[in-house]
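Here the structure comes first, spelled out in structure tokens, and everything after it is commentary.
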Number of protein chains: 2
Amino acid sequence: MGNINTNKDKIFQTAISLFAAKGFRGTSIRDIANEMHISISNIYHHFGNKEGLLVAILAHSSERLIKALNEVSLLDIPPKEKLKSLLETHIRLAGAYSEETRIFFLDEEHLSEEGDKINRNIQRQIYGFYQKVLHELDETGFIQCRSIKVLAFNIFGVINWQLRWYRADGPLSFEEVKEEVMCFIMKGVFGTIEQTE
Amino acid sequence: MGNINTNKDKIFQTAISLFAAKGFRGTSIRDIANEMHISISNIYHHFGNKEGLLVAILAHSSERLIKALNEVSLLDIPPKEKLKSLLETHIRLAGAYSEETRIFFLDEEHLSEEGDKINRNIQRQIYGFYQKVLHELDETGFIQCRSIKVLAFNIFGVINWQLRWYRADGPLSFEEVKEEVMCFIMKGVFGTIEQTE
DNA sequence: TTGACACTAGATCGATCGTTCGATATTACT
DNA sequence: AGTAATATCGAACGATCGATCTAGTGTCAA
């Protein structure tokens with residue numbers, strides 16, 4: 001999908017921007033067509049139907065993320081370092097492709113059966129990387145937690161929530177936010193609270 | 001709004017369920033009317049228009065949360081205890097009224113000018129409670145953080161994300177999840193990471 | 001009995017939605 | 001050049017949307 005010169009990829013990119021800005025339901029096929037000054041039939045020719053367009057976006061953006069997380073997951077490094085690398089990679093990609101990520105976690109409800117199946121599979125894979133490393137940490141005694149699943153969900157929540165409010169033109173650089181977010185998560189996972197009372 | 005016997009309140013409750021399940025845009029006025037076996041004019045008579053219904057839901061549910069958080073905020077207790085109480089109250093209410101909370105953070109994009117203004121004001125107030133106590137903690141040296149705002153956002157992310165996946169019929173009780181989530185946040189805020197290397 | 005009022009139903013409006021269709025233009029290959 | 005595949009177009013379809021209008025209900029006080 002690297003070739004941006006074809007019209008199909010332009011449709012793809014325009015749809016990403018509009019879905020991210022106005023939501024899947026809030027964006028009509030005509031909106032996309034008008035934005036590009038093309039006919040709506042064009043979009044149907046390339047993507048079948050509206051949900052096909054959304055599924056293509058989800059599949060493409062998640063494939064990139066899953067591939068990156070998988071590479072980190074296969075590294076032969078201590079689990080604590082691995083978790084840190086997963087976070088680093090995840091946050092960096094989520095920030096670099098914030099529009100896709102936004103679509104991914106805003107419009108997951110609006111899918112039909114097939115799209116929902118694909119979406120669930122994507123989420124399951126991403127959660128899997130975290131659950132795996134958290135399980136390692138739990139087995140080796142680095143952390144004590146009652147539910148690895150809840151822990152993984154908490155991590156996911158922090159990472160995705162930043163996309164809700166972060167604006168590049170704000171006072172904080174993305175790098176600063178990334179560090180702050182990572183620090184919060186690492187403390188949430190490993191940190192110990194000193195009992196002052 | 002306590003009286004559930006009036007038709008207006010039934011519309012209110014039905015709208016909450018449908019908006020939470022299918023989204024604001026995914027739910028039509030006719031869906032609500034059909035669910036109750038009434039005419040759509042009924043809804044327009046009571047709430048003016050569709051957005052009026054959504055704003056009423058947001059206002060009602062947020063008023064309850066803000067009132068509860070404000071009571072905690074005014075307590076004369078150490079800041080660390082206050083943060084813990086805020087979390088406890090927040091999570092408990094978000095869980096007890098999960099449908100409203102779900103609407104609140106799923107459909108915030110779909111508002112017009114007036115609704116968006118109300119919504120922003122609500123969010124600002126809720127963040128305010130956390131920023132205030134975090135500021136106290138920062139001043140008294142309990143925490144070292146570079147950005148109180150980011151910290152507040154992180155807390156918000158963890159709390160709201162659980163509504164995305166928690167199901168009452170799952171293996172975990174809400175109380176268990178609440179404890180796990182609170183522990184994660186408290187560690188994320190106060191915890192220190194031992195430098196093993 | 002009457003009239004004011006809150007409430008409800010049903011029909012209907014114009015707009016927009018996702019989708020389809022047949023036809024035309026462009027490109028790639030022989 | 002000729003032909004088949006691909007890409008694009010404009011028009012239209014049926015459905016549904018939010019919203020409005022009119023015509024009724026029932027209730028209750030005067």
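Each chain of the structure tokens is named A, B, ... in the order shown, its residues numbered from 1; ligands are numbered from 1 in display order.
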
Chain B in the frame of chain A after full C-alpha superposition, as a tab-separated table (two decimals) with C-alpha atoms, in the first residue's frame:
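This went into superposed02.tsv:
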```
chain	number	residue	atom	x	y	z
B	1	MET	CA	-0.04	0.03	-0.21
B	2	GLY	CA	3.03	2.19	-0.37
B	3	ASN	CA	2.23	3.64	-3.75
B	4	ILE	CA	0.28	6.78	-3.02
B	5	ASN	CA	-0.16	7.70	-6.64
B	6	THR	CA	-3.04	5.42	-7.47
B	7	ASN	CA	-6.55	6.64	-7.00
B	8	LYS	CA	-7.34	3.71	-4.75
B	9	ASP	CA	-4.74	4.82	-2.26
B	10	LYS	CA	-5.99	8.37	-2.35
B	11	ILE	CA	-9.46	7.12	-1.52
B	12	PHE	CA	-7.91	5.09	1.26
B	13	GLN	CA	-6.13	8.07	2.76
B	14	THR	CA	-9.10	10.40	2.40
B	15	ALA	CA	-11.35	7.88	4.09
B	16	ILE	CA	-8.92	7.59	6.98
B	17	SER	CA	-8.93	11.33	7.55
B	18	LEU	CA	-12.70	11.66	7.35
B	19	PHE	CA	-13.48	8.59	9.45
B	20	ALA	CA	-11.06	9.78	12.10
B	21	ALA	CA	-12.54	13.27	12.11
B	22	LYS	CA	-16.25	12.54	11.86
B	23	GLY	CA	-16.58	8.86	12.66
B	24	PHE	CA	-17.61	5.98	10.44
B	25	ARG	CA	-21.30	6.63	10.66
B	26	GLY	CA	-20.79	10.36	10.43
B	27	THR	CA	-18.96	10.07	7.14
B	28	SER	CA	-20.90	9.21	4.00
B	29	ILE	CA	-19.50	7.71	0.83
B	30	ARG	CA	-20.47	10.97	-0.81
B	31	ASP	CA	-18.37	12.92	1.68
B	32	ILE	CA	-15.30	11.00	0.61
B	33	ALA	CA	-16.14	11.32	-3.07
B	34	ASN	CA	-16.81	15.04	-2.82
B	35	GLU	CA	-13.60	15.62	-0.92
B	36	MET	CA	-11.70	14.06	-3.81
B	37	HIS	CA	-13.93	15.43	-6.58
B	38	ILE	CA	-14.64	11.96	-7.91
B	39	SER	CA	-17.73	9.86	-8.35
B	40	ILE	CA	-19.02	7.57	-5.65
B	41	SER	CA	-19.03	4.62	-8.05
B	42	ASN	CA	-15.28	4.86	-7.92
B	43	ILE	CA	-15.23	3.97	-4.25
B	44	TYR	CA	-17.63	1.09	-4.70
B	45	HIS	CA	-15.54	-0.24	-7.54
B	46	HIS	CA	-12.42	-0.34	-5.39
B	47	PHE	CA	-13.79	-1.37	-2.01
B	48	GLY	CA	-17.11	-3.06	-2.65
B	49	ASN	CA	-19.07	-1.27	0.02
B	50	LYS	CA	-18.65	1.12	2.91
B	51	GLU	CA	-17.75	-1.50	5.45
B	52	GLY	CA	-15.21	-2.95	3.04
B	53	LEU	CA	-13.47	0.39	3.17
B	54	LEU	CA	-13.44	0.39	6.95
B	55	VAL	CA	-12.23	-3.18	7.17
B	56	ALA	CA	-9.43	-2.39	4.72
B	57	ILE	CA	-8.32	0.48	6.92
B	58	LEU	CA	-8.45	-1.57	10.10
B	59	ALA	CA	-6.64	-4.49	8.50
B	60	HIS	CA	-3.91	-2.34	7.02
B	61	SER	CA	-3.18	-0.30	10.13
B	62	SER	CA	-3.36	-3.26	12.50
B	63	GLU	CA	-1.10	-5.36	10.30
B	64	ARG	CA	1.58	-2.73	10.70
B	65	LEU	CA	1.18	-2.60	14.47
B	66	ILE	CA	1.00	-6.35	14.93
B	67	LYS	CA	4.06	-6.88	12.78
B	68	ALA	CA	6.05	-4.37	14.80
B	69	LEU	CA	4.92	-5.76	18.16
B	70	ASN	CA	5.66	-9.29	17.00
B	71	GLU	CA	9.23	-8.37	16.13
B	72	VAL	CA	9.73	-6.96	19.61
B	73	SER	CA	8.04	-9.98	21.13
B	74	LEU	CA	10.54	-12.32	19.48
B	75	LEU	CA	13.60	-10.48	20.79
B	76	ASP	CA	15.74	-12.39	23.25
B	77	ILE	CA	15.78	-9.83	26.04
B	78	PRO	CA	14.65	-9.83	29.68
B	79	PRO	CA	10.88	-9.59	30.06
B	80	LYS	CA	11.04	-6.22	31.74
B	81	GLU	CA	12.96	-4.78	28.83
B	82	LYS	CA	10.56	-6.48	26.46
B	83	LEU	CA	7.56	-4.84	28.05
B	84	LYS	CA	9.29	-1.50	27.83
B	85	SER	CA	10.03	-2.06	24.15
B	86	LEU	CA	6.45	-3.12	23.48
B	87	LEU	CA	5.19	0.08	25.06
B	88	GLU	CA	7.71	2.19	23.20
B	89	THR	CA	6.79	0.61	19.86
B	90	HIS	CA	3.08	0.66	20.52
B	91	ILE	CA	2.93	4.29	21.60
B	92	ARG	CA	5.20	5.42	18.81
B	93	LEU	CA	3.09	3.74	16.13
B	94	ALA	CA	-0.19	4.81	17.68
B	95	GLY	CA	1.09	8.37	17.58
B	96	ALA	CA	2.55	8.21	14.10
B	97	TYR	CA	-0.70	6.83	12.72
B	98	SER	CA	-3.06	8.48	15.14
B	99	GLU	CA	-5.91	8.71	12.67
B	100	GLU	CA	-6.05	4.99	12.00
B	101	THR	CA	-5.71	4.26	15.70
B	102	ARG	CA	-8.51	6.65	16.41
B	103	ILE	CA	-10.77	4.88	13.94
B	104	PHE	CA	-9.75	1.58	15.39
B	105	PHE	CA	-10.96	2.30	18.87
B	106	LEU	CA	-13.79	4.69	18.14
B	107	ASP	CA	-15.78	2.75	15.60
B	108	GLU	CA	-15.38	-0.81	16.67
B	109	GLU	CA	-19.05	-0.98	17.54
B	110	HIS	CA	-20.27	-0.12	14.10
B	111	LEU	CA	-19.23	-3.28	12.31
B	112	SER	CA	-21.30	-6.10	10.89
B	113	GLU	CA	-20.57	-9.74	11.53
B	114	GLU	CA	-17.57	-10.17	9.26
B	115	GLY	CA	-15.96	-6.88	10.19
B	116	ASP	CA	-16.51	-7.56	13.85
B	117	LYS	CA	-14.82	-10.93	13.51
B	118	ILE	CA	-11.76	-9.35	11.91
B	119	ASN	CA	-11.71	-6.64	14.53
B	120	ARG	CA	-11.91	-9.07	17.41
B	121	ASN	CA	-9.07	-11.06	15.97
B	122	ILE	CA	-6.90	-7.97	15.72
B	123	GLN	CA	-7.56	-6.98	19.32
B	124	ARG	CA	-6.93	-10.51	20.52
B	125	GLN	CA	-3.52	-10.52	18.87
B	126	ILE	CA	-2.43	-7.19	20.30
B	127	TYR	CA	-3.59	-8.09	23.80
B	128	GLY	CA	-1.75	-11.37	23.33
B	129	PHE	CA	1.65	-9.71	23.09
B	130	TYR	CA	1.12	-7.99	26.41
B	131	GLN	CA	-0.40	-10.99	28.14
B	132	LYS	CA	2.55	-13.10	27.09
B	133	VAL	CA	5.20	-10.82	28.52
B	134	LEU	CA	3.13	-10.12	31.62
B	135	HIS	CA	2.81	-13.84	32.14
B	136	GLU	CA	6.59	-14.18	31.94
B	137	LEU	CA	6.96	-11.43	34.52
B	138	ASP	CA	4.42	-13.08	36.77
B	139	GLU	CA	6.11	-16.47	36.55
B	140	THR	CA	9.54	-15.06	37.34
B	141	GLY	CA	8.15	-13.18	40.31
B	142	PHE	CA	8.74	-9.69	38.99
B	143	ILE	CA	5.16	-8.73	39.55
B	144	GLN	CA	2.33	-9.89	41.74
B	145	CYS	CA	-0.97	-9.41	40.09
B	146	ARG	CA	-4.30	-11.08	40.49
B	147	SER	CA	-5.36	-10.77	36.89
B	148	ILE	CA	-3.03	-10.46	33.95
B	149	LYS	CA	-5.98	-9.67	31.74
B	150	VAL	CA	-7.01	-6.65	33.76
B	151	LEU	CA	-3.43	-5.48	33.80
B	152	ALA	CA	-3.22	-5.72	30.01
B	153	PHE	CA	-6.46	-3.83	29.68
B	154	ASN	CA	-5.19	-1.09	31.95
B	155	ILE	CA	-2.11	-0.67	29.79
B	156	PHE	CA	-4.25	-0.52	26.70
B	157	GLY	CA	-6.48	2.09	28.26
B	158	VAL	CA	-3.66	4.45	29.07
B	159	ILE	CA	-2.10	4.16	25.62
B	160	ASN	CA	-5.31	4.68	23.71
B	161	TRP	CA	-6.68	7.42	25.90
B	162	GLN	CA	-3.89	9.79	25.00
B	163	LEU	CA	-5.15	9.81	21.42
B	164	ARG	CA	-8.31	11.31	22.76
B	165	TRP	CA	-6.74	14.51	23.92
B	166	TYR	CA	-3.20	14.84	22.55
B	167	ARG	CA	-2.83	17.60	20.02
B	168	ALA	CA	0.47	18.13	18.24
B	169	ASP	CA	0.03	21.89	18.49
B	170	GLY	CA	-0.31	21.75	22.27
B	171	PRO	CA	2.34	22.64	24.86
B	172	LEU	CA	3.73	19.11	25.15
B	173	SER	CA	5.79	17.30	22.54
B	174	PHE	CA	4.81	13.79	21.66
B	175	GLU	CA	8.12	12.53	23.02
B	176	GLU	CA	7.42	14.10	26.40
B	177	VAL	CA	3.96	12.61	26.57
B	178	LYS	CA	5.31	9.23	25.51
B	179	GLU	CA	7.85	9.26	28.34
B	180	GLU	CA	5.25	10.32	30.87
B	181	VAL	CA	2.80	7.66	29.72
B	182	MET	CA	5.45	4.94	29.71
B	183	CYS	CA	6.61	5.92	33.18
B	184	PHE	CA	3.06	5.75	34.49
B	185	ILE	CA	2.51	2.31	33.02
B	186	MET	CA	5.84	0.92	34.20
B	187	LYS	CA	5.15	2.15	37.70
B	188	GLY	CA	1.64	0.76	37.50
B	189	VAL	CA	3.02	-2.64	36.58
B	190	PHE	CA	6.19	-2.85	38.68
B	191	GLY	CA	5.86	-0.10	41.22
B	192	THR	CA	5.44	-0.70	44.91
B	193	ILE	CA	3.57	1.64	47.18
B	194	GLU	CA	5.33	2.44	50.41
B	195	GLN	CA	2.88	2.04	53.26
B	196	THR	CA	3.22	5.32	55.11
B	197	GLU	CA	0.49	4.55	57.57
```

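Around DA4 in chain C, within 10 Å and counting only C-alpha atoms (C1' of nucleotides), the residues found are DT2 and DA6 of chain C; DC28 and DA29 of chain D, once anything fewer than 2 positions away on its own chain is removed.
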
Among range 62-187 of chain B, which residues does DSSP mark as helix (DSSP H, G or I) when it is run on the backbone? Keep the chain and numbering as in the structure and answer as number ranges by chain. B: 62-73, 79-96, 98-106, 108-110, 113-139, 148-165, 174-187

C1' of DA19 in chain D to C1' of DT20 in chain C, distance in Å rounded to a single decimal: 28.8 Å

Please produce, as a Markdown table, a per-residue contact table for chain C versus chain A (criterion: any atom at most 9 Å away, only C-alpha atoms (C1' of nucleotides) considered), showing the nearest atom pair and its distance in Å to one decimal, sorted by chain then residue number.
```
| residue | atom | partner | partner_atom | distance |
| --- | --- | --- | --- | --- |
| C:DC17 | C1' | A:Ser28 | CA | 7.5 |
| C:DG18 | C1' | A:Lys50 | CA | 7.7 |
| C:DT19 | C1' | A:Asn49 | CA | 8.0 |
```

What residues in chain D lie within 8 Å of chain A, counting only C-alpha atoms (C1' of nucleotides), written as a ChimeraX atom specification? /D:7-9

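The space separating C1' of DT20 in chain D from C1' of DC7 in chain C comes to 16.7 Å.
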